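*Asks:* PDB, C-alpha atoms, saved as data_34.pdb, coming up:
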```pdb
MODEL        1
ATOM      1  CA  MET A 986       6.920 -10.348  41.211
ATOM      2  CA  LYS A 987       7.254  -6.647  40.404
ATOM      3  CA  GLN A 988       6.956  -7.336  36.655
ATOM      4  CA  GLU A 989       3.752  -9.335  37.173
ATOM      5  CA  LEU A 990       2.255  -6.396  39.078
ATOM      6  CA  GLU A 991       3.294  -3.947  36.364
ATOM      7  CA  GLU A 992       1.617  -6.148  33.759
ATOM      8  CA  LYS A 993      -1.570  -6.278  35.820
ATOM      9  CA  TYR A 994      -1.679  -2.665  37.086
ATOM     10  CA  THR A 995      -0.241   0.647  35.952
ATOM     11  CA  ARG A 996       2.299   2.347  38.187
ATOM     12  CA  TYR A 997      -0.335   4.893  39.173
ATOM     13  CA  GLU A 998      -2.741   2.168  40.230
ATOM     14  CA  ILE A 999       0.000   0.480  42.265
ATOM     15  CA  ALA A1000       0.792   3.778  43.983
ATOM     16  CA  ARG A1001      -2.891   4.341  44.753
ATOM     17  CA  ILE A1002      -3.365   0.811  46.130
ATOM     18  CA  LEU A1003      -0.236   1.025  48.299
ATOM     19  CA  GLY A1004      -1.213   4.451  49.586
ATOM     20  CA  ALA A1005      -4.739   3.348  50.455
ATOM     21  CA  ARG A1006      -3.596   0.140  52.176
ATOM     22  CA  SER A1007      -0.807   1.852  54.115
ATOM     23  CA  LEU A1008      -3.348   4.431  55.334
ATOM     24  CA  GLN A1009      -5.612   1.589  56.481
ATOM     25  CA  LEU A1010      -2.698  -0.049  58.307
ATOM     26  CA  ALA A1011      -1.768   3.265  59.918
ATOM     27  CA  MET A1012      -5.365   3.486  61.192
ATOM     28  CA  ASP A1013      -4.891   0.074  62.949
ATOM     29  CA  ALA A1014      -6.476  -2.138  60.286
ATOM     30  CA  PRO A1015      -5.588  -5.825  60.710
ATOM     31  CA  VAL A1016      -2.579  -7.111  58.783
ATOM     32  CA  LEU A1017      -3.691  -9.681  56.224
ATOM     33  CA  LEU A1018      -0.442 -11.686  56.260
ATOM     34  CA  LYS A1019       1.099 -13.558  59.149
ATOM     35  CA  PHE A1020       4.454 -12.022  60.023
ATOM     36  CA  SER A1021       6.863 -13.253  62.659
ATOM     37  CA  LYS A1022       8.342 -10.804  65.142
ATOM     38  CA  GLU A1023      11.645 -10.955  63.288
ATOM     39  CA  GLU A1024      10.025 -10.073  59.953
ATOM     40  CA  LEU A1025       8.159  -7.131  61.523
ATOM     41  CA  ASP A1026      11.412  -5.918  63.108
ATOM     42  CA  GLU A1027      13.112  -6.273  59.716
ATOM     43  CA  LEU A1028      10.312  -4.241  58.098
ATOM     44  CA  ASN A1029      10.677  -1.788  60.991
ATOM     45  CA  PHE A1030       6.868  -1.824  61.374
ATOM     46  CA  ASP A1031       6.731   0.366  58.233
ATOM     47  CA  VAL A1032       3.131   0.366  56.959
ATOM     48  CA  LEU A1033       4.217   1.028  53.359
ATOM     49  CA  ARG A1034       6.518  -2.004  53.320
ATOM     50  CA  ILE A1035       3.809  -4.161  54.899
ATOM     51  CA  ALA A1036       1.369  -2.946  52.212
ATOM     52  CA  GLU A1037       3.929  -3.836  49.520
ATOM     53  CA  LYS A1038       4.270  -7.362  50.929
ATOM     54  CA  GLU A1039       0.484  -7.756  50.986
ATOM     55  CA  LEU A1040       0.210  -6.509  47.401
ATOM     56  CA  ASP A1041       2.938  -8.936  46.277
ATOM     57  CA  ALA A1042       1.071 -11.770  48.007
ATOM     58  CA  GLU A1043      -2.160 -10.641  46.299
ATOM     59  CA  VAL A1044      -4.222 -10.782  49.494
ATOM     60  CA  LEU A1045      -5.550  -7.224  49.344
ATOM     61  CA  PRO A1046      -9.335  -6.881  49.042
ATOM     62  CA  ILE A1047      -8.928  -3.853  46.785
ATOM     63  CA  THR A1048     -10.231  -3.850  43.225
ATOM     64  CA  VAL A1049      -9.358  -1.495  40.389
ATOM     65  CA  LYS A1050     -12.155  -0.264  38.145
ATOM     66  CA  ARG A1051     -10.973   1.119  34.851
ATOM     67  CA  PRO A1052     -13.302   3.259  32.750
ATOM     68  CA  LEU A1053     -13.991   1.649  29.407
ATOM     69  CA  PRO A1054     -15.490   3.195  26.284
ATOM     70  CA  LYS A1055     -19.263   3.254  26.303
ATOM     71  CA  LYS A1056     -20.865   0.514  24.279
ATOM     72  CA  SER A1057     -23.242   1.649  21.615
ATOM     73  CA  GLU A1058     -26.438  -0.287  21.182
ATOM     74  CA  LYS A1059     -26.424   0.355  17.467
ATOM     75  CA  GLU A1060     -25.125  -2.567  15.465
ATOM     76  CA  ILE A1061     -22.590  -1.826  12.785
ATOM     77  CA  LYS A1062     -23.265  -3.612   9.526
ATOM     78  CA  LYS A1063     -20.319  -4.729   7.481
ATOM     79  CA  LEU A1064     -20.730  -3.687   3.852
ATOM     80  CA  SER A1065     -19.881  -5.993   1.002
ATOM     81  CA  ASP A1066     -17.566  -4.890  -1.789
ATOM     82  CA  GLU A1067     -20.529  -4.458  -4.128
ATOM     83  CA  GLU A1068     -22.356  -2.185  -1.681
ATOM     84  CA  VAL A1069     -19.232  -0.096  -1.212
ATOM     85  CA  ARG A1070     -18.841   0.255  -4.992
ATOM     86  CA  GLU A1071     -22.497   1.231  -5.384
ATOM     87  CA  LYS A1072     -22.216   3.906  -2.698
ATOM     88  CA  LEU A1073     -19.044   5.281  -4.246
ATOM     89  CA  GLU A1074     -20.669   5.383  -7.695
ATOM     90  CA  LEU A1075     -23.717   7.197  -6.317
ATOM     91  CA  LYS A1076     -21.474   9.698  -4.595
ATOM     92  CA  ALA A1077     -19.465  10.220  -7.786
ATOM     93  CA  GLU A1078     -22.687  10.770  -9.780
ATOM     94  CA  LYS A1079     -23.931  13.343  -7.257
ATOM     95  CA  GLU A1080     -20.623  15.200  -7.405
ATOM     96  CA  LYS A1081     -20.721  15.145 -11.210
ATOM     97  CA  LYS A1082     -24.255  16.599 -11.240
ATOM     98  CA  GLU A1083     -23.236  19.304  -8.778
ATOM     99  CA  LEU A1084     -20.232  20.220 -10.949
ATOM    100  CA  GLU A1085     -22.448  20.423 -14.018
ATOM    101  CA  LYS A1086     -24.879  22.699 -12.169
ATOM    102  CA  LEU A1087     -22.011  24.912 -11.062
ATOM    103  CA  GLU A1088     -20.678  25.118 -14.632
ATOM    104  CA  ILE A1089     -24.120  26.106 -15.923
ATOM    105  CA  LYS A1090     -24.473  28.777 -13.235
ATOM    106  CA  LYS A1091     -20.992  30.053 -14.028
ATOM    107  CA  LYS A1092     -21.789  30.352 -17.745
ATOM    108  CA  GLU A1093     -25.099  32.096 -17.002
ATOM    109  CA  LEU A1094     -23.351  34.548 -14.688
ATOM    110  CA  GLU A1095     -20.655  35.291 -17.278
ATOM    111  CA  ALA A1096     -23.284  35.819 -19.982
ATOM    112  CA  SER A1097     -25.303  38.188 -17.791
ATOM    113  CA  GLU A1098     -22.142  40.124 -16.859
ATOM    114  CA  GLU A1099     -21.163  40.478 -20.524
ATOM    115  CA  LYS A1100     -24.669  41.642 -21.365
ATOM    116  CA  ASP A1101     -24.571  44.227 -18.553
ATOM    117  CA  ILE A1102     -21.184  45.490 -19.692
ATOM    118  CA  ALA A1103     -22.339  45.745 -23.319
ATOM    119  CA  GLU A1104     -25.427  47.704 -22.257
ATOM    120  CA  GLN A1105     -23.373  50.121 -20.176
ATOM    121  CA  GLY A1106     -20.875  50.619 -22.981
ATOM    122  CA  GLU A1107     -17.810  49.756 -20.944
ATOM    123  CA  ILE A1108     -16.237  47.476 -23.528
ATOM    124  CA  MET A1109     -13.246  49.100 -25.162
ATOM    125  CA  GLU A1110     -12.224  48.293 -28.679
ATOM    126  CA  ILE A1111      -8.937  46.552 -29.232
ATOM    127  CA  ALA A1112      -6.229  48.900 -30.536
ATOM    128  CA  ASN A1113      -4.787  48.087 -33.913
ATOM    129  CA  PRO A1114      -1.143  48.795 -34.788
ATOM    130  CA  THR A1115      -2.242  50.894 -37.766
ATOM    131  CA  ASP A1116      -4.049  53.291 -35.433
ATOM    132  CA  GLU A1117      -0.838  53.953 -33.536
ATOM    133  CA  GLU A1118       1.269  54.771 -36.603
ATOM    134  CA  ASP A1119      -0.458  58.118 -37.064
ATOM    135  CA  VAL A1120       0.753  59.378 -33.685
ATOM    136  CA  THR A1121       4.312  60.690 -33.606
ATOM    137  CA  GLU A1122       6.688  60.665 -30.684
ATOM    138  CA  GLU A1123       6.409  64.439 -30.227
ATOM    139  CA  GLU A1124       2.668  64.213 -29.721
ATOM    140  CA  VAL A1125       3.129  61.437 -27.140
ATOM    141  CA  VAL A1126       5.617  63.600 -25.182
ATOM    142  CA  LYS A1127       3.201  66.551 -25.226
ATOM    143  CA  VAL A1128       0.333  64.364 -23.985
ATOM    144  CA  GLU A1129       2.445  62.983 -21.143
ATOM    145  CA  ALA A1130       3.555  66.441 -19.999
TER
ENDMDL
END
```
Show me, as structure tokens, the structure contained in the file I just sent.

*Replies:*
Amino acid sequence: MKQELEEKYTRYEIARILGARSLQLAMDAPVLLKFSKEELDELNFDVLRIAEKELDAEVLPITVKRPLPKKSEKEIKKLSDEEVREKLELKAEKEKKELEKLEIKKKELEASEEKDIAEQGEIMEIANPTDEEDVTEEEVVKVEA
């Protein structure tokens, strides 16, 4: 019987039901099952045990309300494979266009930066090995010192 209860209720719900019913019995609520004197003596007039017996017999007028997820009134449409493909292709095209725009902006920015650098005269000429042959090691030591 215990397994059937555990399938129907969680252990927390069982504890709550037993606690509530035993409190009712302690406050002189009528017992919902017929017990003989011997059975009551065996239970030692324990309200928790009486509540357990009533729960096992499923005579308790206690209901459990579990919160469920809220239903949305919006219907969800199932997309066909073709619609999914079309949406994916549109998304891919948008991403491609955005990448192209970014590339164009990047090239424009690089060109404007090069133009600014050329105007300011910050570009240095590349050194040729022939230019370095004229300098001797003694001159390099003097410059470093």

*Asks:* So which one's closest to Glu1039 (chain A), A:Pro1052, A:Leu1003, A:Asp1013, A:Leu1008? Using all atoms listed in the file, please.

*Replies:*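 Using all atoms listed in the file, Glu1039 (chain A) sits closest to A:Leu1003.
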
*Asks:* Quick one: of A:Ile1047, A:Val1032, A:Leu1094, A:Leu1075, who's nearest to Arg1001 (chain A), counting all atoms listed in the file?

*Replies:*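 Looking only at the distances to Arg1001 (chain A), the closest residue turns out to be A:Ile1047.
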
*Asks:* Could you tell me how far CA of Ile1002 (chain A) lies from CA of Thr1048 (chain A), in Å and to one decimal?

*Replies:*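 Value for the CA of Ile1002 (chain A)-CA of Thr1048 (chain A) distance: 8.8 Å.
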
*Asks:* What is the CA of Ala1014 (chain A) to CA of Thr995 (chain A) distance in Å?

*Replies:*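 It comes out at 25.3 Å.
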
*Asks:* Which is closer to Gly1004 (chain A) than all the others in A:Lys1081, A:Lys1092, A:Arg1034, A:Lys1076, using all atoms listed in the file?

*Replies:*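 The answer is A:Arg1034, which sits nearest to Gly1004 (chain A).
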
*Asks:* Could you jot down the CA of Glu1027 (chain A) to CA of Glu989 (chain A) separation for me, Å, one decimal place?

*Replies:*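 CA of Glu989 (chain A) lies at a distance of 24.6 Å from CA of Glu1027 (chain A).
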